[in-house]
Amino acid sequence: MFTTTLAEAFRKEELPMTLFTIRPIIEQDIPFLWDMLYESMYIPEGQEPASKDILKHPAISKYVEDWGRVGDSGFIGVNHLGQSIGSITLRYFNKDNKGYGYINDETPELGMGIRAEYRGKGLGTELLTTLIKQSRINGIKTISLSVDPNNRAMELYKRFGFREVGMVETSITMKVDL
């Protein structure tokens with residue numbers, strides 16, 4: 001007789017933690033986007049994370065500030081309990097306000113953050129698959145991103161066809177043609 005509840009099974013790690021759904025970003029998700037912006041910052045093993053005050057720095061805050069402007073798009077990963085666990089965004093920048101992965105005014109920059117306990121469980125793959133499909137439907141030709149060369153997400157991006165096209169400070173700029 002099976003008496004373990006689904007929640008108990010997850011706590012006991014008897015079931016994989018990969019039950020999630022993907023949905024478009026809505027206005028109520030903006031506070032979560034700030035959380036994911038912080039989560040997206042690569043922290044080398046053994047190093048202390050930066051203070052959340054880093055989100056106030058203009059070079060960082062520009063990725064979420066005034067979310068909902070023309071061209072902003074993205075998706076939220078939600079777990080089996082209805083909790084937001086990851087996000088993927090596209091945002092356009094311009095030559096006067098470049099993001100770290102800026103290539104040109106016509107190429108949106110991708111940002112992705114996933115709660116630590118859900119990394120490596122397929123959520124990034126699902127978010128990226130969904131975003132690329134929607135981008136093609138929307139007529140987007142190229143997507144760029146910026147990633148630390150030691151971030152294991154680089155392998156995910158390479159699997160989706162992203163290739164290195166430059167470097168800004170210590171981060172690699174990558175792009176994919178859709």
# chains A, B, ... in the order shown; residues from 1 in each chain; ligands from 1
>>> select_by_dssp(residues="chain A", states="strand (DSSP E)", output="ChimeraX atom specification")
/A:20-24,73-79,84-91,109-114,142-147,163-168,171-177
>>> closest_atom_pairs(of="range 16-76 of chain A", to="range 104-109 of chain A", cutoff="10 Å", atoms="only C-alpha atoms", output="CSV")
residue,atom,partner,partner_atom,distance
A:Tyr63,CA,A:Glu109,CA,9.2
A:Gly71,CA,A:Pro108,CA,8.2
A:Asp72,CA,A:Pro108,CA,8.7
A:Ser73,CA,A:Pro108,CA,9.7
>>> residues_around(residues="Lys141 in chain A", least_positions_apart="6", cutoff="12 Å", atoms="only C-alpha atoms", output="list in words")
Glu106, Thr107, Pro108, Ile132, Lys133, Gln134, Ser135, Lys175, Val176, Asp177 and Leu178 of chain A
>>> select_by_dssp(residues="range 7-172 of chain A", states="alpha helix (DSSP H)", output="tab-separated table (two decimals) with N, CA and C atoms, in the first residue's frame")
chain	number	residue	atom	x	y	z
A	7	ALA	N	4.34	15.26	-1.29
A	7	ALA	CA	5.26	16.17	-0.60
A	7	ALA	C	6.29	15.41	0.22
A	8	GLU	N	5.85	14.34	0.91
A	8	GLU	CA	6.79	13.53	1.68
A	8	GLU	C	7.82	12.86	0.77
A	9	ALA	N	7.36	12.37	-0.37
A	9	ALA	CA	8.27	11.73	-1.32
A	9	ALA	C	9.33	12.70	-1.81
A	10	PHE	N	8.93	13.95	-2.07
A	10	PHE	CA	9.90	14.95	-2.51
A	10	PHE	C	10.91	15.23	-1.40
A	11	ARG	N	10.42	15.37	-0.17
A	11	ARG	CA	11.33	15.64	0.95
A	11	ARG	C	12.31	14.50	1.13
A	30	ILE	N	7.28	40.66	-11.06
A	30	ILE	CA	8.43	41.57	-11.05
A	30	ILE	C	9.29	41.42	-9.79
A	31	PRO	N	8.72	41.33	-8.58
A	31	PRO	CA	9.60	41.10	-7.41
A	31	PRO	C	10.42	39.81	-7.55
A	32	PHE	N	9.82	38.78	-8.11
A	32	PHE	CA	10.54	37.52	-8.32
A	32	PHE	C	11.66	37.70	-9.34
A	33	LEU	N	11.45	38.53	-10.36
A	33	LEU	CA	12.51	38.80	-11.34
A	33	LEU	C	13.73	39.41	-10.66
A	34	TRP	N	13.50	40.27	-9.67
A	34	TRP	CA	14.64	40.83	-8.92
A	34	TRP	C	15.38	39.72	-8.17
A	35	ASP	N	14.62	38.79	-7.56
A	35	ASP	CA	15.25	37.66	-6.87
A	35	ASP	C	16.09	36.83	-7.85
A	36	MET	N	15.54	36.60	-9.04
A	36	MET	CA	16.25	35.79	-10.02
A	36	MET	C	17.45	36.52	-10.61
A	37	LEU	N	17.37	37.84	-10.70
A	37	LEU	CA	18.54	38.61	-11.14
A	37	LEU	C	19.69	38.36	-10.17
A	38	TYR	N	19.39	38.37	-8.89
A	38	TYR	CA	20.42	38.09	-7.89
A	38	TYR	C	20.92	36.65	-8.02
A	39	GLU	N	20.00	35.69	-8.18
A	39	GLU	CA	20.37	34.28	-8.33
A	39	GLU	C	21.24	34.04	-9.56
A	58	PRO	N	23.38	50.60	-11.18
A	58	PRO	CA	22.73	50.79	-12.48
A	58	PRO	C	23.09	49.75	-13.54
A	59	ALA	N	24.32	49.25	-13.54
A	59	ALA	CA	24.72	48.24	-14.53
A	59	ALA	C	23.99	46.91	-14.30
A	60	ILE	N	23.49	46.70	-13.10
A	60	ILE	CA	22.77	45.47	-12.76
A	60	ILE	C	21.26	45.72	-12.80
A	61	SER	N	20.81	46.78	-12.19
A	61	SER	CA	19.37	47.05	-12.07
A	61	SER	C	18.69	47.21	-13.43
A	123	LEU	N	15.13	22.40	-15.61
A	123	LEU	CA	14.34	23.62	-15.72
A	123	LEU	C	14.97	24.62	-16.70
A	124	GLY	N	16.27	24.78	-16.65
A	124	GLY	CA	16.94	25.70	-17.57
A	124	GLY	C	16.71	25.30	-19.02
A	125	THR	N	16.78	24.01	-19.29
A	125	THR	CA	16.53	23.49	-20.64
A	125	THR	C	15.10	23.83	-21.08
A	126	GLU	N	14.13	23.61	-20.21
A	126	GLU	CA	12.73	23.89	-20.55
A	126	GLU	C	12.49	25.38	-20.74
A	127	LEU	N	13.06	26.20	-19.88
A	127	LEU	CA	12.90	27.66	-20.01
A	127	LEU	C	13.51	28.14	-21.33
A	128	LEU	N	14.71	27.67	-21.63
A	128	LEU	CA	15.39	28.10	-22.85
A	128	LEU	C	14.66	27.60	-24.10
A	129	THR	N	14.18	26.37	-24.07
A	129	THR	CA	13.41	25.83	-25.20
A	129	THR	C	12.17	26.69	-25.45
A	130	THR	N	11.45	27.01	-24.40
A	130	THR	CA	10.23	27.81	-24.51
A	130	THR	C	10.53	29.20	-25.05
A	131	LEU	N	11.58	29.82	-24.52
A	131	LEU	CA	11.94	31.18	-24.95
A	131	LEU	C	12.35	31.21	-26.42
A	132	ILE	N	13.14	30.25	-26.84
A	132	ILE	CA	13.59	30.22	-28.24
A	132	ILE	C	12.42	29.99	-29.18
A	133	LYS	N	11.53	29.08	-28.84
A	133	LYS	CA	10.34	28.85	-29.68
A	133	LYS	C	9.53	30.13	-29.82
A	134	GLN	N	9.28	30.81	-28.70
A	134	GLN	CA	8.49	32.04	-28.75
A	134	GLN	C	9.23	33.14	-29.50
A	135	SER	N	10.52	33.20	-29.35
A	135	SER	CA	11.32	34.22	-30.05
A	135	SER	C	11.23	34.04	-31.56
A	136	ARG	N	11.28	32.80	-32.01
A	136	ARG	CA	11.13	32.53	-33.45
A	136	ARG	C	9.76	32.98	-33.94
A	137	ILE	N	8.71	32.66	-33.16
A	137	ILE	CA	7.35	33.08	-33.52
A	137	ILE	C	7.28	34.61	-33.61
A	153	ALA	N	26.33	26.88	-16.67
A	153	ALA	CA	25.28	27.20	-17.64
A	153	ALA	C	25.85	27.35	-19.05
A	154	MET	N	27.14	27.61	-19.16
A	154	MET	CA	27.76	27.73	-20.49
A	154	MET	C	27.50	26.49	-21.33
A	155	GLU	N	27.54	25.33	-20.71
A	155	GLU	CA	27.30	24.08	-21.44
A	155	GLU	C	25.87	24.03	-21.97
A	156	LEU	N	24.92	24.50	-21.17
A	156	LEU	CA	23.53	24.56	-21.61
A	156	LEU	C	23.41	25.47	-22.83
A	157	TYR	N	24.00	26.63	-22.75
A	157	TYR	CA	23.92	27.58	-23.87
A	157	TYR	C	24.57	27.01	-25.13
A	158	LYS	N	25.68	26.35	-24.98
A	158	LYS	CA	26.34	25.73	-26.15
A	158	LYS	C	25.46	24.66	-26.78
A	159	ARG	N	24.76	23.88	-25.95
A	159	ARG	CA	23.85	22.86	-26.49
A	159	ARG	C	22.75	23.48	-27.35
>>> atom_distance(atom1="CA of Thr173 in chain A", atom2="CA of Met41 in chain A")
14.8 Å
>>> closest_residue(among="A:Leu90, A:Val168, A:Met174, A:Ile140", to="Pro24 in chain A", atoms="only C-alpha atoms")
A:Leu90
>>> residues_around(residues="Ile172 in chain A", least_positions_apart="4", cutoff="6 Å", atoms="only C-alpha atoms", output="MDAnalysis selection string")
chainID A and resid 146:147 166:167
>>> write_last_selection(atoms="N, CA, C and O atoms", output="mmCIF file, in the first residue's frame")
data_model
loop_
_atom_site.group_PDB
_atom_site.id
_atom_site.type_symbol
_atom_site.label_atom_id
_atom_site.label_comp_id
_atom_site.auth_asym_id
_atom_site.auth_seq_id
_atom_site.Cartn_x
_atom_site.Cartn_y
_atom_site.Cartn_z
ATOM 1 N N SER A 146 25.383 37.096 -21.621
ATOM 2 C CA SER A 146 26.685 37.238 -20.989
ATOM 3 C C SER A 146 26.787 36.189 -19.897
ATOM 4 O O SER A 146 25.838 36.008 -19.122
ATOM 5 N N VAL A 147 27.913 35.481 -19.836
ATOM 6 C CA VAL A 147 28.068 34.409 -18.857
ATOM 7 C C VAL A 147 29.528 34.319 -18.418
ATOM 8 O O VAL A 147 30.437 34.517 -19.218
ATOM 9 N N GLY A 166 32.619 37.418 -27.970
ATOM 10 C CA GLY A 166 33.367 38.518 -27.364
ATOM 11 C C GLY A 166 33.486 38.331 -25.869
ATOM 12 O O GLY A 166 33.060 37.328 -25.294
ATOM 13 N N MET A 167 34.061 39.359 -25.241
ATOM 14 C CA MET A 167 34.242 39.331 -23.799
ATOM 15 C C MET A 167 34.075 40.743 -23.265
ATOM 16 O O MET A 167 34.537 41.709 -23.876
#
>>> atom_distance(atom1="CA of Arg23 in chain A", atom2="CA of Gly113 in chain A")
14.9 Å
>>> residues_around(residues="Asn79 in chain A", least_positions_apart="6", cutoff="10 Å", atoms="only C-alpha atoms", output="CSV table (one decimal) with N, CA, C and O atoms, in the first residue's frame")
chain,number,residue,atom,x,y,z
A,17,MET,N,12.9,16.1,-8.5
A,17,MET,CA,12.3,17.4,-8.3
A,17,MET,C,12.2,18.1,-9.6
A,17,MET,O,12.7,19.2,-9.8
A,18,THR,N,11.6,17.5,-10.6
A,18,THR,CA,11.5,18.0,-11.9
A,18,THR,C,10.1,18.3,-12.4
A,18,THR,O,9.9,18.6,-13.5
A,19,LEU,N,9.1,18.3,-11.5
A,19,LEU,CA,7.8,18.6,-11.8
A,19,LEU,C,7.6,20.1,-11.8
A,19,LEU,O,7.6,20.7,-10.8
A,20,PHE,N,7.5,20.7,-13.0
A,20,PHE,CA,7.3,22.1,-13.1
A,20,PHE,C,6.6,22.4,-14.3
A,20,PHE,O,6.5,21.6,-15.3
A,21,THR,N,6.0,23.7,-14.4
A,21,THR,CA,5.4,24.2,-15.6
A,21,THR,C,6.0,25.5,-15.9
A,21,THR,O,6.7,26.1,-15.1
A,22,ILE,N,5.9,25.9,-17.1
A,22,ILE,CA,6.4,27.2,-17.6
A,22,ILE,C,5.2,28.0,-18.1
A,22,ILE,O,4.3,27.6,-18.7
A,85,ILE,N,10.2,29.2,-9.4
A,85,ILE,CA,11.5,28.7,-9.1
A,85,ILE,C,12.6,29.1,-10.0
A,85,ILE,O,13.7,28.8,-9.8
A,86,GLY,N,12.2,29.7,-11.1
A,86,GLY,CA,13.2,30.2,-12.1
A,86,GLY,C,12.6,31.1,-13.1
A,86,GLY,O,11.3,31.1,-13.3
A,118,TYR,N,16.9,24.0,-7.6
A,118,TYR,CA,16.3,23.4,-8.8
A,118,TYR,C,17.3,23.4,-10.0
A,118,TYR,O,16.9,23.0,-11.1
A,123,LEU,N,15.1,22.4,-15.6
A,123,LEU,CA,14.3,23.6,-15.7
A,123,LEU,C,15.0,24.6,-16.7
A,123,LEU,O,14.3,25.2,-17.5
>>> closest_residue(among="A:Leu110, A:Gly122, A:Asn138, A:His57", to="Phe162 in chain A", atoms="only C-alpha atoms")
A:Leu110
>>> atom_distance(atom1="CA of Gly82 in chain A", atom2="CA of Asp29 in chain A")
12.7 Å
>>> closest_residue(among="A:Arg115, A:Tyr100, A:Arg152, A:Thr142", to="Glu169 in chain A", atoms="only C-alpha atoms")
A:Tyr100
>>> decode(residues="range 51-95 of chain A", atoms="N, CA and C atoms", output="PDB file, in the first residue's frame")
ATOM      1  N   SER A  51      26.465  41.242  -1.551  1.00  0.00           N
ATOM      2  CA  SER A  51      25.272  41.748  -0.865  1.00  0.00           C
ATOM      3  C   SER A  51      24.173  41.995  -1.896  1.00  0.00           C
ATOM      4  N   LYS A  52      22.927  41.848  -1.479  1.00  0.00           N
ATOM      5  CA  LYS A  52      21.816  42.127  -2.397  1.00  0.00           C
ATOM      6  C   LYS A  52      21.792  43.597  -2.814  1.00  0.00           C
ATOM      7  N   ASP A  53      22.561  44.442  -2.130  1.00  0.00           N
ATOM      8  CA  ASP A  53      22.662  45.849  -2.519  1.00  0.00           C
ATOM      9  C   ASP A  53      23.226  46.006  -3.931  1.00  0.00           C
ATOM     10  N   ILE A  54      23.905  44.972  -4.427  1.00  0.00           N
ATOM     11  CA  ILE A  54      24.455  45.032  -5.785  1.00  0.00           C
ATOM     12  C   ILE A  54      23.343  45.252  -6.813  1.00  0.00           C
ATOM     13  N   LEU A  55      22.114  44.835  -6.486  1.00  0.00           N
ATOM     14  CA  LEU A  55      20.989  45.014  -7.403  1.00  0.00           C
ATOM     15  C   LEU A  55      20.655  46.484  -7.630  1.00  0.00           C
ATOM     16  N   LYS A  56      21.145  47.356  -6.750  1.00  0.00           N
ATOM     17  CA  LYS A  56      20.890  48.798  -6.892  1.00  0.00           C
ATOM     18  C   LYS A  56      21.859  49.458  -7.874  1.00  0.00           C
ATOM     19  N   HIS A  57      22.921  48.764  -8.216  1.00  0.00           N
ATOM     20  CA  HIS A  57      23.918  49.325  -9.139  1.00  0.00           C
ATOM     21  C   HIS A  57      23.283  49.444 -10.523  1.00  0.00           C
ATOM     22  N   PRO A  58      23.383  50.596 -11.177  1.00  0.00           N
ATOM     23  CA  PRO A  58      22.727  50.790 -12.483  1.00  0.00           C
ATOM     24  C   PRO A  58      23.088  49.747 -13.541  1.00  0.00           C
ATOM     25  N   ALA A  59      24.315  49.248 -13.538  1.00  0.00           N
ATOM     26  CA  ALA A  59      24.717  48.236 -14.532  1.00  0.00           C
ATOM     27  C   ALA A  59      23.994  46.912 -14.303  1.00  0.00           C
ATOM     28  N   ILE A  60      23.488  46.696 -13.098  1.00  0.00           N
ATOM     29  CA  ILE A  60      22.767  45.469 -12.763  1.00  0.00           C
ATOM     30  C   ILE A  60      21.255  45.715 -12.802  1.00  0.00           C
ATOM     31  N   SER A  61      20.810  46.781 -12.194  1.00  0.00           N
ATOM     32  CA  SER A  61      19.366  47.046 -12.073  1.00  0.00           C
ATOM     33  C   SER A  61      18.687  47.209 -13.425  1.00  0.00           C
ATOM     34  N   LYS A  62      19.427  47.611 -14.440  1.00  0.00           N
ATOM     35  CA  LYS A  62      18.834  47.826 -15.770  1.00  0.00           C
ATOM     36  C   LYS A  62      18.184  46.574 -16.351  1.00  0.00           C
ATOM     37  N   TYR A  63      18.524  45.405 -15.796  1.00  0.00           N
ATOM     38  CA  TYR A  63      17.970  44.152 -16.329  1.00  0.00           C
ATOM     39  C   TYR A  63      16.515  43.912 -15.900  1.00  0.00           C
ATOM     40  N   VAL A  64      16.069  44.582 -14.835  1.00  0.00           N
ATOM     41  CA  VAL A  64      14.691  44.395 -14.364  1.00  0.00           C
ATOM     42  C   VAL A  64      13.939  45.723 -14.216  1.00  0.00           C
ATOM     43  N   GLU A  65      14.674  46.778 -13.951  1.00  0.00           N
ATOM     44  CA  GLU A  65      14.042  48.084 -13.721  1.00  0.00           C
ATOM     45  C   GLU A  65      13.061  48.439 -14.840  1.00  0.00           C
ATOM     46  N   ASP A  66      11.892  48.924 -14.457  1.00  0.00           N
ATOM     47  CA  ASP A  66      10.841  49.307 -15.412  1.00  0.00           C
ATOM     48  C   ASP A  66      10.418  48.136 -16.293  1.00  0.00           C
ATOM     49  N   TRP A  67      10.384  46.925 -15.723  1.00  0.00           N
ATOM     50  CA  TRP A  67      10.007  45.754 -16.505  1.00  0.00           C
ATOM     51  C   TRP A  67       8.623  45.947 -17.111  1.00  0.00           C
ATOM     52  N   GLY A  68       8.499  45.512 -18.350  1.00  0.00           N
ATOM     53  CA  GLY A  68       7.234  45.616 -19.064  1.00  0.00           C
ATOM     54  C   GLY A  68       7.300  46.611 -20.210  1.00  0.00           C
ATOM     55  N   ARG A  69       8.479  47.169 -20.433  1.00  0.00           N
ATOM     56  CA  ARG A  69       8.611  48.096 -21.559  1.00  0.00           C
ATOM     57  C   ARG A  69       8.548  47.316 -22.874  1.00  0.00           C
ATOM     58  N   VAL A  70       8.416  48.017 -23.971  1.00  0.00           N
ATOM     59  CA  VAL A  70       8.295  47.387 -25.284  1.00  0.00           C
ATOM     60  C   VAL A  70       9.477  46.445 -25.519  1.00  0.00           C
ATOM     61  N   GLY A  71       9.172  45.208 -25.913  1.00  0.00           N
ATOM     62  CA  GLY A  71      10.201  44.215 -26.220  1.00  0.00           C
ATOM     63  C   GLY A  71      10.542  43.288 -25.069  1.00  0.00           C
ATOM     64  N   ASP A  72      10.184  43.652 -23.828  1.00  0.00           N
ATOM     65  CA  ASP A  72      10.457  42.771 -22.695  1.00  0.00           C
ATOM     66  C   ASP A  72       9.596  41.519 -22.812  1.00  0.00           C
ATOM     67  N   SER A  73      10.203  40.379 -22.593  1.00  0.00           N
ATOM     68  CA  SER A  73       9.433  39.137 -22.610  1.00  0.00           C
ATOM     69  C   SER A  73      10.159  38.089 -21.789  1.00  0.00           C
ATOM     70  N   GLY A  74       9.441  37.033 -21.457  1.00  0.00           N
ATOM     71  CA  GLY A  74      10.072  35.957 -20.718  1.00  0.00           C
ATOM     72  C   GLY A  74       9.074  35.013 -20.099  1.00  0.00           C
ATOM     73  N   PHE A  75       9.628  34.073 -19.332  1.00  0.00           N
ATOM     74  CA  PHE A  75       8.833  33.001 -18.758  1.00  0.00           C
ATOM     75  C   PHE A  75       9.281  32.702 -17.339  1.00  0.00           C
ATOM     76  N   ILE A  76       8.355  32.122 -16.579  1.00  0.00           N
ATOM     77  CA  ILE A  76       8.604  31.722 -15.194  1.00  0.00           C
ATOM     78  C   ILE A  76       8.427  30.211 -15.097  1.00  0.00           C
ATOM     79  N   GLY A  77       9.346  29.545 -14.408  1.00  0.00           N
ATOM     80  CA  GLY A  77       9.189  28.143 -14.065  1.00  0.00           C
ATOM     81  C   GLY A  77       8.518  28.063 -12.709  1.00  0.00           C
ATOM     82  N   VAL A  78       7.495  27.217 -12.609  1.00  0.00           N
ATOM     83  CA  VAL A  78       6.704  27.081 -11.386  1.00  0.00           C
ATOM     84  C   VAL A  78       6.728  25.617 -10.953  1.00  0.00           C
ATOM     85  N   ASN A  79       6.958  25.362  -9.664  1.00  0.00           N
ATOM     86  CA  ASN A  79       7.008  23.976  -9.191  1.00  0.00           C
ATOM     87  C   ASN A  79       5.608  23.420  -8.942  1.00  0.00           C
ATOM     88  N   HIS A  80       5.559  22.178  -8.487  1.00  0.00           N
ATOM     89  CA  HIS A  80       4.286  21.476  -8.269  1.00  0.00           C
ATOM     90  C   HIS A  80       3.442  22.111  -7.173  1.00  0.00           C
ATOM     91  N   LEU A  81       4.039  22.985  -6.361  1.00  0.00           N
ATOM     92  CA  LEU A  81       3.299  23.689  -5.310  1.00  0.00           C
ATOM     93  C   LEU A  81       2.839  25.073  -5.745  1.00  0.00           C
ATOM     94  N   GLY A  82       3.130  25.420  -7.008  1.00  0.00           N
ATOM     95  CA  GLY A  82       2.747  26.735  -7.513  1.00  0.00           C
ATOM     96  C   GLY A  82       3.744  27.830  -7.193  1.00  0.00           C
ATOM     97  N   GLN A  83       4.924  27.472  -6.698  1.00  0.00           N
ATOM     98  CA  GLN A  83       5.953  28.448  -6.344  1.00  0.00           C
ATOM     99  C   GLN A  83       6.853  28.723  -7.538  1.00  0.00           C
ATOM    100  N   SER A  84       7.169  29.987  -7.741  1.00  0.00           N
ATOM    101  CA  SER A  84       8.103  30.367  -8.803  1.00  0.00           C
ATOM    102  C   SER A  84       9.496  29.910  -8.421  1.00  0.00           C
ATOM    103  N   ILE A  85      10.175  29.238  -9.366  1.00  0.00           N
ATOM    104  CA  ILE A  85      11.487  28.661  -9.059  1.00  0.00           C
ATOM    105  C   ILE A  85      12.575  29.070 -10.049  1.00  0.00           C
ATOM    106  N   GLY A  86      12.196  29.747 -11.129  1.00  0.00           N
ATOM    107  CA  GLY A  86      13.188  30.183 -12.102  1.00  0.00           C
ATOM    108  C   GLY A  86      12.556  31.107 -13.119  1.00  0.00           C
ATOM    109  N   SER A  87      13.406  31.882 -13.781  1.00  0.00           N
ATOM    110  CA  SER A  87      12.910  32.792 -14.819  1.00  0.00           C
ATOM    111  C   SER A  87      13.903  32.874 -15.962  1.00  0.00           C
ATOM    112  N   ILE A  88      13.364  33.249 -17.115  1.00  0.00           N
ATOM    113  CA  ILE A  88      14.196  33.545 -18.274  1.00  0.00           C
ATOM    114  C   ILE A  88      13.595  34.783 -18.919  1.00  0.00           C
ATOM    115  N   THR A  89      14.443  35.729 -19.268  1.00  0.00           N
ATOM    116  CA  THR A  89      13.963  37.006 -19.812  1.00  0.00           C
ATOM    117  C   THR A  89      14.725  37.389 -21.070  1.00  0.00           C
ATOM    118  N   LEU A  90      14.071  38.204 -21.872  1.00  0.00           N
ATOM    119  CA  LEU A  90      14.712  38.881 -22.999  1.00  0.00           C
ATOM    120  C   LEU A  90      14.452  40.366 -22.836  1.00  0.00           C
ATOM    121  N   ARG A  91      15.491  41.146 -23.021  1.00  0.00           N
ATOM    122  CA  ARG A  91      15.366  42.599 -22.934  1.00  0.00           C
ATOM    123  C   ARG A  91      16.293  43.230 -23.957  1.00  0.00           C
ATOM    124  N   TYR A  92      15.761  44.254 -24.622  1.00  0.00           N
ATOM    125  CA  TYR A  92      16.560  45.005 -25.586  1.00  0.00           C
ATOM    126  C   TYR A  92      17.303  46.131 -24.878  1.00  0.00           C
ATOM    127  N   PHE A  93      18.550  46.315 -25.281  1.00  0.00           N
ATOM    128  CA  PHE A  93      19.364  47.440 -24.842  1.00  0.00           C
ATOM    129  C   PHE A  93      19.798  48.200 -26.091  1.00  0.00           C
ATOM    130  N   ASN A  94      20.441  49.349 -25.902  1.00  0.00           N
ATOM    131  CA  ASN A  94      20.925  50.105 -27.050  1.00  0.00           C
ATOM    132  C   ASN A  94      22.348  50.579 -26.792  1.00  0.00           C
ATOM    133  N   LYS A  95      22.937  51.176 -27.813  1.00  0.00           N
ATOM    134  CA  LYS A  95      24.356  51.541 -27.717  1.00  0.00           C
ATOM    135  C   LYS A  95      24.632  52.552 -26.613  1.00  0.00           C
TER     136      LYS A  95
END
